[in-house]
>>> print(open('work.cif').read())   # mmCIF, C-alpha atoms
data_query
#
loop_
_atom_site.label_atom_id
_atom_site.label_comp_id
_atom_site.auth_asym_id
_atom_site.auth_seq_id
_atom_site.Cartn_x
_atom_site.Cartn_y
_atom_site.Cartn_z
CA MET A 1 -3.90 -13.12 -5.86
CA HIS A 2 -3.95 -10.71 -2.93
CA GLU A 3 -7.67 -11.38 -2.49
CA VAL A 4 -6.56 -14.47 -0.54
CA ASP A 5 -4.61 -12.29 1.91
CA MET A 6 -7.52 -9.90 2.15
CA THR A 7 -9.85 -12.80 2.88
CA ARG A 8 -7.52 -13.99 5.63
CA SER A 9 -7.69 -10.52 7.13
CA LEU A 10 -11.48 -10.52 6.77
CA VAL A 11 -11.84 -13.90 8.47
CA LEU A 12 -9.65 -12.80 11.39
CA THR A 13 -11.78 -9.71 11.88
CA LEU A 14 -14.99 -11.72 11.70
CA ARG A 15 -13.65 -14.25 14.16
CA ASP A 16 -12.80 -11.49 16.65
CA TRP A 17 -16.37 -10.24 16.38
CA TRP A 18 -17.83 -13.76 16.64
CA GLU A 19 -15.75 -14.65 19.68
CA SER A 20 -16.80 -11.41 21.39
CA GLN A 21 -20.45 -12.48 21.14
CA PRO A 22 -21.52 -14.41 24.26
CA ASP A 23 -23.70 -16.91 22.38
CA ARG A 24 -21.44 -17.47 19.34
CA PRO A 25 -24.16 -16.79 16.77
CA GLN A 26 -24.48 -18.47 13.41
CA ILE A 27 -23.39 -16.04 10.72
CA SER A 28 -25.53 -16.26 7.62
CA ARG A 29 -24.35 -13.29 5.56
CA VAL A 30 -21.36 -11.00 5.54
CA HIS A 31 -21.79 -7.76 3.63
CA LEU A 32 -18.80 -5.94 2.17
CA ARG A 33 -18.56 -2.60 0.42
CA VAL A 34 -15.72 -2.57 -2.09
CA GLY A 35 -14.88 0.58 -4.02
CA ASP A 36 -14.05 0.53 -7.72
CA PHE A 37 -10.91 2.59 -7.00
CA THR A 38 -9.22 -0.22 -5.08
CA CYS A 39 -7.02 -3.12 -6.14
CA VAL A 40 -9.68 -5.66 -5.21
CA GLU A 41 -11.63 -7.93 -7.52
CA PRO A 42 -14.94 -8.85 -5.81
CA ALA A 43 -15.17 -12.24 -7.58
CA GLY A 44 -11.73 -13.12 -6.20
CA LEU A 45 -12.91 -12.30 -2.68
CA VAL A 46 -15.98 -14.53 -3.00
CA PHE A 47 -13.87 -17.37 -4.40
CA ALA A 48 -11.34 -17.13 -1.58
CA PHE A 49 -14.05 -16.78 1.07
CA ASP A 50 -15.78 -19.94 -0.15
CA ALA A 51 -12.49 -21.82 0.11
CA TYR A 52 -11.89 -20.52 3.65
CA ARG A 53 -15.27 -20.97 5.23
CA GLU A 54 -15.57 -24.77 4.89
CA GLY A 55 -15.59 -26.39 8.31
CA THR A 56 -15.29 -23.12 10.21
CA PHE A 57 -17.58 -20.81 12.17
CA LEU A 58 -18.37 -19.28 8.76
CA SER A 59 -19.49 -22.50 7.11
CA ALA A 60 -23.08 -21.25 6.69
CA ALA A 61 -22.06 -17.74 5.68
CA GLU A 62 -22.50 -16.15 2.31
CA LEU A 63 -20.30 -13.24 1.22
CA VAL A 64 -22.22 -10.39 -0.40
CA VAL A 65 -20.10 -7.73 -2.09
CA GLU A 66 -21.55 -4.38 -2.97
CA SER A 67 -19.45 -2.39 -5.46
CA VAL A 68 -19.11 1.33 -4.87
CA PRO A 69 -18.42 3.55 -7.90
CA LEU A 70 -15.57 6.04 -8.04
CA VAL A 71 -16.98 9.52 -7.48
CA ALA A 72 -14.76 12.59 -7.28
CA PHE A 73 -15.55 16.16 -6.31
CA CYS A 74 -14.29 19.09 -8.36
CA HIS A 75 -13.67 22.19 -6.23
CA ALA A 76 -13.60 24.53 -9.22
CA CYS A 77 -16.98 23.34 -10.50
CA GLN A 78 -18.38 22.57 -7.04
CA ALA A 79 -19.77 19.34 -8.49
CA ASP A 80 -19.37 15.58 -8.25
CA TYR A 81 -18.23 13.64 -11.30
CA ARG A 82 -17.51 10.04 -12.25
CA PRO A 83 -13.93 9.60 -13.55
CA GLU A 84 -13.50 7.11 -16.39
CA MET A 85 -11.45 4.34 -14.82
CA GLY A 86 -8.32 3.55 -16.81
CA LEU A 87 -8.74 6.54 -19.11
CA HIS A 88 -9.39 9.86 -17.50
CA TYR A 89 -9.52 11.07 -13.90
CA ALA A 90 -9.46 14.85 -14.23
CA CYS A 91 -12.73 16.80 -14.15
CA PRO A 92 -14.44 16.40 -17.54
CA THR A 93 -15.79 19.95 -17.36
CA CYS A 94 -12.78 22.04 -16.37
CA GLY A 95 -9.86 19.58 -16.46
CA ALA A 96 -8.89 20.07 -12.80
CA PRO A 97 -7.07 17.04 -11.37
CA MET A 98 -8.86 14.51 -9.21
CA GLU A 99 -8.39 15.99 -5.78
CA ASP A 100 -11.12 14.75 -3.45
CA ILE A 101 -12.47 11.24 -3.77
CA ARG A 102 -16.05 11.02 -2.47
CA SER A 103 -16.38 7.28 -2.87
CA GLY A 104 -14.61 4.35 -4.48
CA ARG A 105 -11.81 3.73 -1.94
CA GLU A 106 -14.01 1.64 0.37
CA LEU A 107 -12.77 -1.71 1.64
CA LYS A 108 -15.34 -2.18 4.35
CA ILE A 109 -17.10 -4.91 6.23
CA SER A 110 -20.41 -3.09 6.45
CA HIS A 111 -22.63 -5.49 8.38
CA ILE A 112 -23.25 -9.09 9.38
CA GLU A 113 -26.51 -11.03 9.40
CA TYR A 114 -26.71 -13.76 12.02
CA GLN A 115 -29.00 -16.02 14.01
CA ASN A 116 -28.60 -16.54 17.70
CA ALA A 117 -27.11 -20.00 18.01
CA HIS A 118 -28.72 -20.98 21.33
CA ARG A 119 -32.07 -21.16 19.55
CA GLU A 120 -30.60 -23.64 17.13
CA THR A 121 -30.37 -27.33 17.88
CA GLN A 122 -27.32 -27.92 15.72
CA THR A 123 -25.08 -25.41 17.42
CA ASP A 124 -22.38 -27.92 18.25
CA ARG A 125 -21.72 -28.67 14.65
CA TRP A 126 -20.17 -25.25 14.12
CA ALA A 127 -16.52 -25.84 14.72
CA VAL A 128 -14.13 -23.03 15.46
CA ALA A 129 -11.52 -22.50 12.77
CA MET B 1 -38.18 -20.20 13.76
CA HIS B 2 -35.13 -18.19 14.57
CA GLN B 3 -34.80 -14.50 14.15
CA THR B 4 -32.16 -12.92 11.96
CA PHE B 5 -30.16 -10.11 13.51
CA ASP B 6 -28.03 -7.53 11.84
CA ALA B 7 -24.86 -6.09 13.29
CA ALA B 8 -23.30 -2.99 11.73
CA LEU B 9 -19.53 -3.38 11.75
CA GLU B 10 -18.29 -0.62 9.43
CA MET B 11 -14.79 -1.99 9.82
CA ASN B 12 -11.91 -1.85 7.41
CA LEU B 13 -11.51 -5.11 5.52
CA LEU B 14 -7.78 -4.86 6.12
CA HIS B 15 -8.29 -4.06 9.80
CA ALA B 16 -5.81 -6.75 10.90
CA ASN B 17 -3.12 -5.50 8.52
CA GLN B 18 -3.78 -1.89 9.45
CA ALA B 19 -3.36 -2.65 13.15
CA GLY B 20 -0.06 -4.39 12.37
CA ALA B 21 1.12 -1.43 10.29
CA ASP B 22 0.26 1.02 13.07
CA HIS B 23 2.17 -1.15 15.51
CA ASN B 24 5.25 -1.19 13.26
CA ARG B 25 5.05 2.59 12.91
CA GLU B 26 4.89 3.01 16.68
CA HIS B 27 8.17 1.09 16.92
CA PHE B 28 9.75 3.25 14.23
CA ASN B 29 8.57 6.42 16.00
CA GLU B 30 9.90 5.19 19.32
CA TRP B 31 13.34 4.64 17.74
CA GLY B 32 13.30 7.92 15.80
CA ILE B 33 13.26 6.08 12.49
CA THR B 34 11.63 7.33 9.29
CA CYS B 35 10.33 4.49 7.15
CA LEU B 36 9.83 4.73 3.39
CA ASN B 37 7.93 2.10 1.40
CA LEU B 38 9.43 1.78 -2.09
CA MET B 39 7.04 0.37 -4.70
CA SER B 40 7.07 -0.18 -8.46
CA SER B 41 6.59 -2.80 -11.15
CA PRO B 42 9.41 -5.37 -11.48
CA GLY B 43 12.47 -3.91 -13.18
CA ALA B 44 11.62 -0.23 -12.70
CA GLY B 45 14.93 0.22 -10.89
CA LYS B 46 14.16 0.14 -7.16
CA THR B 47 17.39 -1.61 -6.26
CA SER B 48 19.56 0.59 -8.50
CA LEU B 49 17.93 3.69 -7.04
CA LEU B 50 18.60 2.35 -3.55
CA GLU B 51 22.25 1.66 -4.37
CA ALA B 52 22.67 5.24 -5.61
CA THR B 53 20.76 6.61 -2.60
CA LEU B 54 22.76 4.60 -0.09
CA SER B 55 26.11 5.63 -1.52
CA ALA B 56 25.06 9.29 -1.52
CA LEU B 57 23.47 9.45 1.93
CA GLN B 58 25.38 6.88 3.94
CA SER B 59 27.83 9.45 5.31
CA GLU B 60 25.05 11.60 6.79
CA LEU B 61 22.28 9.08 7.62
CA ALA B 62 22.27 5.65 9.25
CA ILE B 63 20.21 3.59 6.82
CA ALA B 64 18.88 0.02 6.93
CA VAL B 65 16.94 -1.86 4.27
CA ILE B 66 14.12 -4.39 4.52
CA GLU B 67 14.10 -6.14 1.20
CA GLY B 68 11.05 -7.98 -0.12
CA ASP B 69 11.74 -10.50 -2.82
CA MET B 70 9.59 -13.42 -3.84
CA THR B 71 12.24 -16.13 -3.78
CA THR B 72 15.83 -14.91 -3.98
CA GLU B 73 18.34 -12.82 -2.04
CA LEU B 74 19.88 -11.34 -5.20
CA ASP B 75 18.71 -7.79 -4.49
CA ALA B 76 19.56 -8.05 -0.80
CA ASP B 77 23.11 -9.14 -1.68
CA ARG B 78 23.52 -6.17 -4.02
CA LEU B 79 22.53 -3.80 -1.22
CA ARG B 80 24.69 -5.55 1.40
CA ARG B 81 27.68 -4.67 -0.77
CA CYS B 82 26.83 -1.02 -0.03
CA GLY B 83 27.69 -1.78 3.60
CA VAL B 84 24.32 -1.23 5.26
CA PRO B 85 22.30 -3.71 7.34
CA VAL B 86 19.88 -5.53 5.03
CA VAL B 87 17.13 -7.95 6.00
CA ALA B 88 15.69 -10.10 3.22
CA ILE B 89 12.09 -11.24 3.43
CA ASN B 90 11.13 -13.94 0.99
CA THR B 91 7.43 -13.59 0.40
CA GLY B 92 7.12 -16.95 -1.35
CA ARG B 93 4.26 -16.64 -3.79
CA SER B 94 2.81 -13.59 -2.15
CA CYS B 95 3.00 -10.58 -4.44
CA HIS B 96 3.41 -7.87 -1.79
CA LEU B 97 4.79 -7.25 1.68
CA ASP B 98 2.27 -6.93 4.49
CA ALA B 99 2.59 -5.55 8.00
CA ARG B 100 3.20 -8.97 9.53
CA MET B 101 6.11 -9.72 7.19
CA VAL B 102 7.69 -6.33 7.85
CA SER B 103 7.24 -6.87 11.59
CA GLY B 104 9.29 -10.05 11.17
CA GLY B 105 11.83 -7.99 9.22
CA ILE B 106 12.07 -5.45 12.05
CA HIS B 107 12.78 -8.24 14.55
CA GLN B 108 15.52 -9.62 12.29
CA LEU B 109 16.96 -6.15 11.89
CA LYS B 110 17.22 -5.87 15.68
CA THR B 111 19.60 -8.84 15.66
CA LEU B 112 21.90 -6.96 13.23
CA VAL B 113 21.84 -3.45 14.62
CA ASP B 114 20.53 -1.35 17.52
CA PRO B 115 17.45 0.32 16.01
CA GLN B 116 18.04 3.44 18.15
CA THR B 117 21.08 4.17 15.97
CA ILE B 118 19.14 4.01 12.68
CA ASP B 119 17.67 7.13 11.03
CA LEU B 120 16.02 5.66 7.94
CA VAL B 121 14.55 2.27 7.07
CA VAL B 122 13.73 1.72 3.43
CA VAL B 123 11.33 -1.12 2.71
CA GLU B 124 11.80 -2.32 -0.85
CA ASN B 125 8.48 -3.89 -1.72
CA VAL B 126 7.94 -6.77 -4.14
CA GLY B 127 7.85 -5.61 -7.75
CA ASN B 128 4.15 -5.14 -8.47
CA LEU B 129 2.05 -2.10 -9.38
CA VAL B 130 -1.18 -3.47 -7.93
CA CYS B 131 -1.24 -5.15 -4.52
CA PRO B 132 1.40 -3.26 -2.50
CA ALA B 133 -0.72 -0.11 -2.82
CA GLU B 134 -3.38 -1.57 -0.51
CA PHE B 135 -1.14 -3.04 2.19
CA GLU B 136 0.40 -0.54 4.55
CA VAL B 137 3.49 -1.83 6.32
CA GLY B 138 4.08 0.97 8.85
CA GLU B 139 5.75 3.46 6.53
CA HIS B 140 5.70 7.24 6.97
CA ALA B 141 5.62 7.81 3.21
CA LYS B 142 5.08 5.82 0.05
CA VAL B 143 7.54 6.22 -2.79
CA ALA B 144 6.54 4.93 -6.21
CA LEU B 145 8.84 4.42 -9.19
CA LEU B 146 7.88 4.39 -12.85
CA SER B 147 10.56 3.84 -15.47
CA VAL B 148 10.42 5.67 -18.80
CA THR B 149 10.32 2.30 -20.59
CA GLU B 150 6.93 1.46 -19.05
CA GLY B 151 4.99 3.98 -21.11
CA GLU B 152 2.91 7.05 -20.38
CA ASP B 153 -0.38 5.26 -19.69
CA LYS B 154 0.68 3.24 -16.62
CA PRO B 155 -0.55 5.83 -14.11
CA LEU B 156 -3.99 5.66 -15.74
CA LYS B 157 -4.03 1.86 -15.73
CA TYR B 158 -2.72 1.40 -12.18
CA PRO B 159 -4.17 4.51 -10.59
CA VAL B 160 -4.33 3.37 -6.96
CA MET B 161 -0.55 3.06 -6.66
CA PHE B 162 -0.03 6.54 -8.09
CA ARG B 163 -2.83 8.03 -6.00
CA GLU B 164 -1.33 6.63 -2.81
CA ALA B 165 2.25 7.76 -3.54
CA ASP B 166 3.71 10.71 -1.64
CA CYS B 167 6.66 10.81 -4.00
CA LEU B 168 7.10 9.52 -7.55
CA LEU B 169 10.42 8.90 -9.24
CA ILE B 170 10.42 8.65 -13.01
CA THR B 171 13.46 6.44 -13.46
CA LYS B 172 15.92 5.59 -16.23
CA THR B 173 15.67 9.05 -17.78
CA ASP B 174 19.02 8.36 -19.47
CA LEU B 175 17.08 6.02 -21.79
CA ALA B 176 14.49 8.64 -22.76
CA PRO B 177 16.37 9.83 -25.90
CA TYR B 178 16.18 6.29 -27.30
CA LEU B 179 12.44 5.92 -26.73
CA GLU B 180 9.39 7.64 -28.02
CA VAL B 181 8.39 8.64 -24.56
CA ASP B 182 6.81 11.89 -23.46
CA LEU B 183 7.89 12.73 -19.90
CA ASP B 184 5.45 15.62 -19.71
CA ARG B 185 2.59 13.28 -20.52
CA ILE B 186 3.67 10.83 -17.82
CA MET B 187 3.68 13.69 -15.33
CA ALA B 188 0.34 15.04 -16.54
CA ASN B 189 -1.22 11.59 -16.21
CA VAL B 190 0.11 11.25 -12.68
CA ARG B 191 -1.07 14.75 -11.73
CA GLN B 192 -4.61 13.95 -12.92
CA ILE B 193 -4.74 11.25 -10.27
CA ASN B 194 -2.60 12.81 -7.58
CA PRO B 195 -2.08 16.56 -7.87
CA GLU B 196 0.02 16.76 -4.70
CA VAL B 197 2.64 14.11 -5.37
CA ALA B 198 6.28 15.22 -5.54
CA ILE B 199 7.70 14.08 -8.90
CA PHE B 200 11.41 13.63 -9.60
CA PRO B 201 12.72 12.42 -12.97
CA VAL B 202 15.99 10.60 -12.19
CA SER B 203 18.68 8.39 -13.64
CA ALA B 204 20.46 6.20 -11.13
CA LYS B 205 23.02 5.50 -13.84
CA THR B 206 24.08 9.07 -14.67
CA GLY B 207 23.00 10.67 -11.40
CA GLU B 208 20.72 13.12 -13.24
CA GLY B 209 17.98 14.47 -10.99
CA LEU B 210 19.13 12.53 -7.93
CA ALA B 211 19.95 15.68 -5.92
CA ASP B 212 16.26 16.61 -5.66
CA TRP B 213 15.29 13.09 -4.59
CA LEU B 214 18.06 13.03 -1.98
CA ASN B 215 16.81 16.33 -0.61
CA TRP B 216 13.31 14.90 -0.41
CA VAL B 217 14.69 11.99 1.63
CA ARG B 218 16.62 14.36 3.89
CA GLN B 219 13.47 16.35 4.49
CA ALA B 220 11.45 13.18 5.12
CA THR B 221 13.90 12.23 7.86
CA GLY B 222 13.50 15.69 9.37
CA ARG B 223 16.93 16.86 8.26
CA SER B 224 17.67 20.16 6.61
CA ILE B 225 18.08 19.95 2.90
CA GLN B 226 21.08 20.80 0.77
CA PRO B 227 20.80 23.89 -1.52
CA ALA B 228 17.07 24.20 -2.09
CA THR B 229 15.72 22.52 -5.16
CA ILE B 230 12.49 21.10 -3.82
CA GLN B 231 9.52 22.74 -5.48
CA PRO B 232 7.09 24.71 -3.33
CA GLY B 233 4.07 22.60 -2.50
CA ASP B 234 5.91 19.29 -2.75
CA ARG B 235 4.49 16.90 -0.25
CA VAL B 236 7.03 15.69 2.24
CA ALA B 237 6.18 13.46 5.16
CA THR B 238 8.18 13.88 8.30
CA LEU B 239 7.83 12.27 11.67
CA ALA B 240 6.41 15.53 12.94
CA SER B 241 3.65 15.60 10.35
CA VAL B 242 2.29 12.08 10.75
#
>>> encode(input="work.cif", output="structure tokens")
Amino acid sequence: MHEVDMTRSLVLTLRDWWESQPDRPQISRVHLRVGDFTCVEPAGLVFAFDAYREGTFLSAAELVVESVPLVAFCHACQADYRPEMGLHYACPTCGAPMEDIRSGRELKISHIEYQNAHRETQTDRWAVA
Amino acid sequence: MHQTFDAALEMNLLHANQAGADHNREHFNEWGITCLNLMSSPGAGKTSLLEATLSALQSELAIAVIEGDMTTELDADRLRRCGVPVVAINTGRSCHLDARMVSGGIHQLKTLVDPQTIDLVVVENVGNLVCPAEFEVGEHAKVALLSVTEGEDKPLKYPVMFREADCLLITKTDLAPYLEVDLDRIMANVRQINPEVAIFPVSAKTGEGLADWLNWVRQATGRSIQPATIQPGDRVATLASV
């Protein structure tokens, strides 16, 4: 269950960002981009995130995971193609091996949605993890 | 009403681990150490390969091992008998080593030996074909093992590990005659995913194929190789190239 370790890493990164903001905003959504050609199961990330966020600066935050398909580029054909995960990765047209991966290796925190906390009356309830 | 803002981060999810891995690598570079990260499923023969490698290279290279094992020190004890410094890291229930654990291993290693005198640190990862592929620990090259008993389709099913590998050892080739296994198909499946990986079929038991692997290690540590057997185009990471 390495999604737990990944979530720990995610939370640390988010906390660094949050602490660097002068007004400690309230984070409402965290958007991730997770490639299909990674060892990460998005549902596992959401599960672990929900377990982590209780009672922390992320308690109001929702984790939104966008999956990114595996797309490779074949130099011989000068064309993109979608390898069949688990079955076939070489170019379906000419059989050249999967050399360049255009997308699918992403493990990214893409962006964060937040409200400025000083406009909120309940700011003090957000405890720091 | 409060306004919602949006901040673009575009940061790696494993940013914290990556920073730790880079830090470990800086230490290795400072000490002139090459670090290899050895990964495979459980029972593919990482420890046996290491035993054979240590006994062959010990006279020419100063080697230390950081051994990841979920609960025991069985593998670490086997390697200690080879006479090299070995640090055991019990990962508990965690199925891979991460940069923080290896950093702890490096600090333990410093209590056993002066790191300036070491040429090569081999990190033996926890047996697992999935997670270790995503967690860098500060290595200069990733070495994956696949035993002939695991079947030809494993590279297709666990592609990330085989994509990330700089070097792949197909182990236990002495068993191949007893199995219906097609070595060429294993290699073709790996090459589909990673056309540049250096592939060495080996048997730690009979010693078959080990010479090429040992030369790859020599080259990875920046040392000249014994009579040339490395194929042109084989990918070898050296301190100079990273």
>>> resolve_selection(input="work.cif", expression="the PyMOL selection byres ((chain B) within 12 of (chain A))", output="VMD selection string")
chain B and resid 1 to 20 93 to 100 128 to 135 152 to 164 187 to 197
>>> atom_distance(input="work.cif", atom1="atom CA of Asp166 of chain B", atom2="atom CA of His140 of chain B")
9.5 Å
>>> closest_residue(input="work.cif", among="B:Val102, B:Val113, B:Leu146, B:Met70", to="Pro85 of chain B", atoms="only C-alpha atoms")
B:Val113
>>> atom_distance(input="work.cif", atom1="atom CA of Gly92 of chain B", atom2="atom CA of Asp114 of chain B")
27.9 Å
>>> closest_residue(input="work.cif", among="B:Leu74, B:Val137, B:Ala165, B:Cys82", to="Ser40 of chain B", atoms="only C-alpha atoms")
B:Ala165
>>> residues_around(input="work.cif", residues="Ala72 of chain A", least_positions_apart="4", cutoff="6 Å", atoms="only C-alpha atoms", output="PyMOL selection string")
chain A and resi 80-81+100-102
>>> resolve_selection(input="work.cif", expression="the PyMOL selection byres ((chain B and resi 48) around 12)", output="count of residues only")
29
>>> resolve_selection(input="work.cif", expression="the PyMOL selection byres ((chain B and resi 67) around 9)", output="MDAnalysis selection string")
chainID B and resid 65:66 68:69 73 75:76 86:90 105 122:126
>>> atom_distance(input="work.cif", atom1="atom CA of Leu109 of chain B", atom2="atom CA of Thr34 of chain B")
14.7 Å
>>> residues_around(input="work.cif", residues="Gln116 of chain B", least_positions_apart="5", cutoff="8 Å", atoms="all atoms listed in the file", output="list in words")
Trp31, Gly32 and Ile33 of chain B
>>> closest_residue(input="work.cif", among="A:Gln78, A:Ala61, A:Ser20, A:Ser67", to="Glu41 of chain A", atoms="all atoms listed in the file")
A:Ser67
>>> build_atoms(input="work.cif", residues="segment 69-92 of chain A", atoms="N, CA and C atoms", output="PDB file, keeping the file's coordinate frame")
ATOM      1  N   PRO A  69     -19.083   2.866  -6.777  1.00  0.00           N
ATOM      2  CA  PRO A  69     -18.420   3.550  -7.900  1.00  0.00           C
ATOM      3  C   PRO A  69     -17.455   4.642  -7.434  1.00  0.00           C
ATOM      4  N   LEU A  70     -16.495   4.939  -8.310  1.00  0.00           N
ATOM      5  CA  LEU A  70     -15.570   6.040  -8.040  1.00  0.00           C
ATOM      6  C   LEU A  70     -16.282   7.362  -8.336  1.00  0.00           C
ATOM      7  N   VAL A  71     -16.397   8.193  -7.316  1.00  0.00           N
ATOM      8  CA  VAL A  71     -16.980   9.520  -7.480  1.00  0.00           C
ATOM      9  C   VAL A  71     -16.005  10.545  -6.917  1.00  0.00           C
ATOM     10  N   ALA A  72     -15.668  11.535  -7.728  1.00  0.00           N
ATOM     11  CA  ALA A  72     -14.760  12.590  -7.280  1.00  0.00           C
ATOM     12  C   ALA A  72     -15.518  13.906  -7.193  1.00  0.00           C
ATOM     13  N   PHE A  73     -14.933  14.841  -6.446  1.00  0.00           N
ATOM     14  CA  PHE A  73     -15.550  16.160  -6.310  1.00  0.00           C
ATOM     15  C   PHE A  73     -14.610  17.216  -6.867  1.00  0.00           C
ATOM     16  N   CYS A  74     -15.119  18.029  -7.776  1.00  0.00           N
ATOM     17  CA  CYS A  74     -14.290  19.090  -8.360  1.00  0.00           C
ATOM     18  C   CYS A  74     -14.569  20.393  -7.598  1.00  0.00           C
ATOM     19  N   HIS A  75     -13.510  20.950  -7.012  1.00  0.00           N
ATOM     20  CA  HIS A  75     -13.670  22.190  -6.230  1.00  0.00           C
ATOM     21  C   HIS A  75     -13.998  23.380  -7.120  1.00  0.00           C
ATOM     22  N   ALA A  76     -13.364  23.395  -8.306  1.00  0.00           N
ATOM     23  CA  ALA A  76     -13.600  24.530  -9.220  1.00  0.00           C
ATOM     24  C   ALA A  76     -15.058  24.562  -9.671  1.00  0.00           C
ATOM     25  N   CYS A  77     -15.588  23.395 -10.017  1.00  0.00           N
ATOM     26  CA  CYS A  77     -16.980  23.340 -10.500  1.00  0.00           C
ATOM     27  C   CYS A  77     -17.991  23.146  -9.382  1.00  0.00           C
ATOM     28  N   GLN A  78     -17.484  22.861  -8.177  1.00  0.00           N
ATOM     29  CA  GLN A  78     -18.380  22.570  -7.040  1.00  0.00           C
ATOM     30  C   GLN A  78     -19.376  21.473  -7.409  1.00  0.00           C
ATOM     31  N   ALA A  79     -18.863  20.412  -8.049  1.00  0.00           N
ATOM     32  CA  ALA A  79     -19.770  19.340  -8.490  1.00  0.00           C
ATOM     33  C   ALA A  79     -19.071  17.982  -8.415  1.00  0.00           C
ATOM     34  N   ASP A  80     -19.875  16.954  -8.190  1.00  0.00           N
ATOM     35  CA  ASP A  80     -19.370  15.580  -8.250  1.00  0.00           C
ATOM     36  C   ASP A  80     -19.234  15.153  -9.704  1.00  0.00           C
ATOM     37  N   TYR A  81     -18.301  14.255  -9.973  1.00  0.00           N
ATOM     38  CA  TYR A  81     -18.230  13.640 -11.300  1.00  0.00           C
ATOM     39  C   TYR A  81     -17.709  12.223 -11.185  1.00  0.00           C
ATOM     40  N   ARG A  82     -17.968  11.422 -12.224  1.00  0.00           N
ATOM     41  CA  ARG A  82     -17.510  10.040 -12.250  1.00  0.00           C
ATOM     42  C   ARG A  82     -16.307   9.906 -13.186  1.00  0.00           C
ATOM     43  N   PRO A  83     -15.092   9.778 -12.670  1.00  0.00           N
ATOM     44  CA  PRO A  83     -13.930   9.600 -13.550  1.00  0.00           C
ATOM     45  C   PRO A  83     -14.074   8.305 -14.355  1.00  0.00           C
ATOM     46  N   GLU A  84     -13.485   8.319 -15.558  1.00  0.00           N
ATOM     47  CA  GLU A  84     -13.500   7.110 -16.390  1.00  0.00           C
ATOM     48  C   GLU A  84     -12.304   6.270 -16.016  1.00  0.00           C
ATOM     49  N   MET A  85     -12.541   5.187 -15.304  1.00  0.00           N
ATOM     50  CA  MET A  85     -11.450   4.340 -14.820  1.00  0.00           C
ATOM     51  C   MET A  85     -10.567   3.881 -15.973  1.00  0.00           C
ATOM     52  N   GLY A  86      -9.271   4.024 -15.809  1.00  0.00           N
ATOM     53  CA  GLY A  86      -8.320   3.550 -16.810  1.00  0.00           C
ATOM     54  C   GLY A  86      -8.059   4.558 -17.915  1.00  0.00           C
ATOM     55  N   LEU A  87      -8.878   5.599 -17.999  1.00  0.00           N
ATOM     56  CA  LEU A  87      -8.740   6.540 -19.110  1.00  0.00           C
ATOM     57  C   LEU A  87      -8.510   7.972 -18.680  1.00  0.00           C
ATOM     58  N   HIS A  88      -9.374   8.439 -17.795  1.00  0.00           N
ATOM     59  CA  HIS A  88      -9.390   9.860 -17.500  1.00  0.00           C
ATOM     60  C   HIS A  88      -9.901  10.094 -16.076  1.00  0.00           C
ATOM     61  N   TYR A  89      -9.144  10.856 -15.304  1.00  0.00           N
ATOM     62  CA  TYR A  89      -9.520  11.070 -13.900  1.00  0.00           C
ATOM     63  C   TYR A  89      -9.772  12.544 -13.579  1.00  0.00           C
ATOM     64  N   ALA A  90      -9.260  13.421 -14.457  1.00  0.00           N
ATOM     65  CA  ALA A  90      -9.460  14.850 -14.230  1.00  0.00           C
ATOM     66  C   ALA A  90     -10.933  15.207 -14.472  1.00  0.00           C
ATOM     67  N   CYS A  91     -11.331  16.365 -13.982  1.00  0.00           N
ATOM     68  CA  CYS A  91     -12.730  16.800 -14.150  1.00  0.00           C
ATOM     69  C   CYS A  91     -13.048  16.958 -15.640  1.00  0.00           C
ATOM     70  N   PRO A  92     -14.125  16.331 -16.112  1.00  0.00           N
ATOM     71  CA  PRO A  92     -14.440  16.400 -17.540  1.00  0.00           C
ATOM     72  C   PRO A  92     -14.892  17.807 -17.958  1.00  0.00           C
TER      73      PRO A  92
END
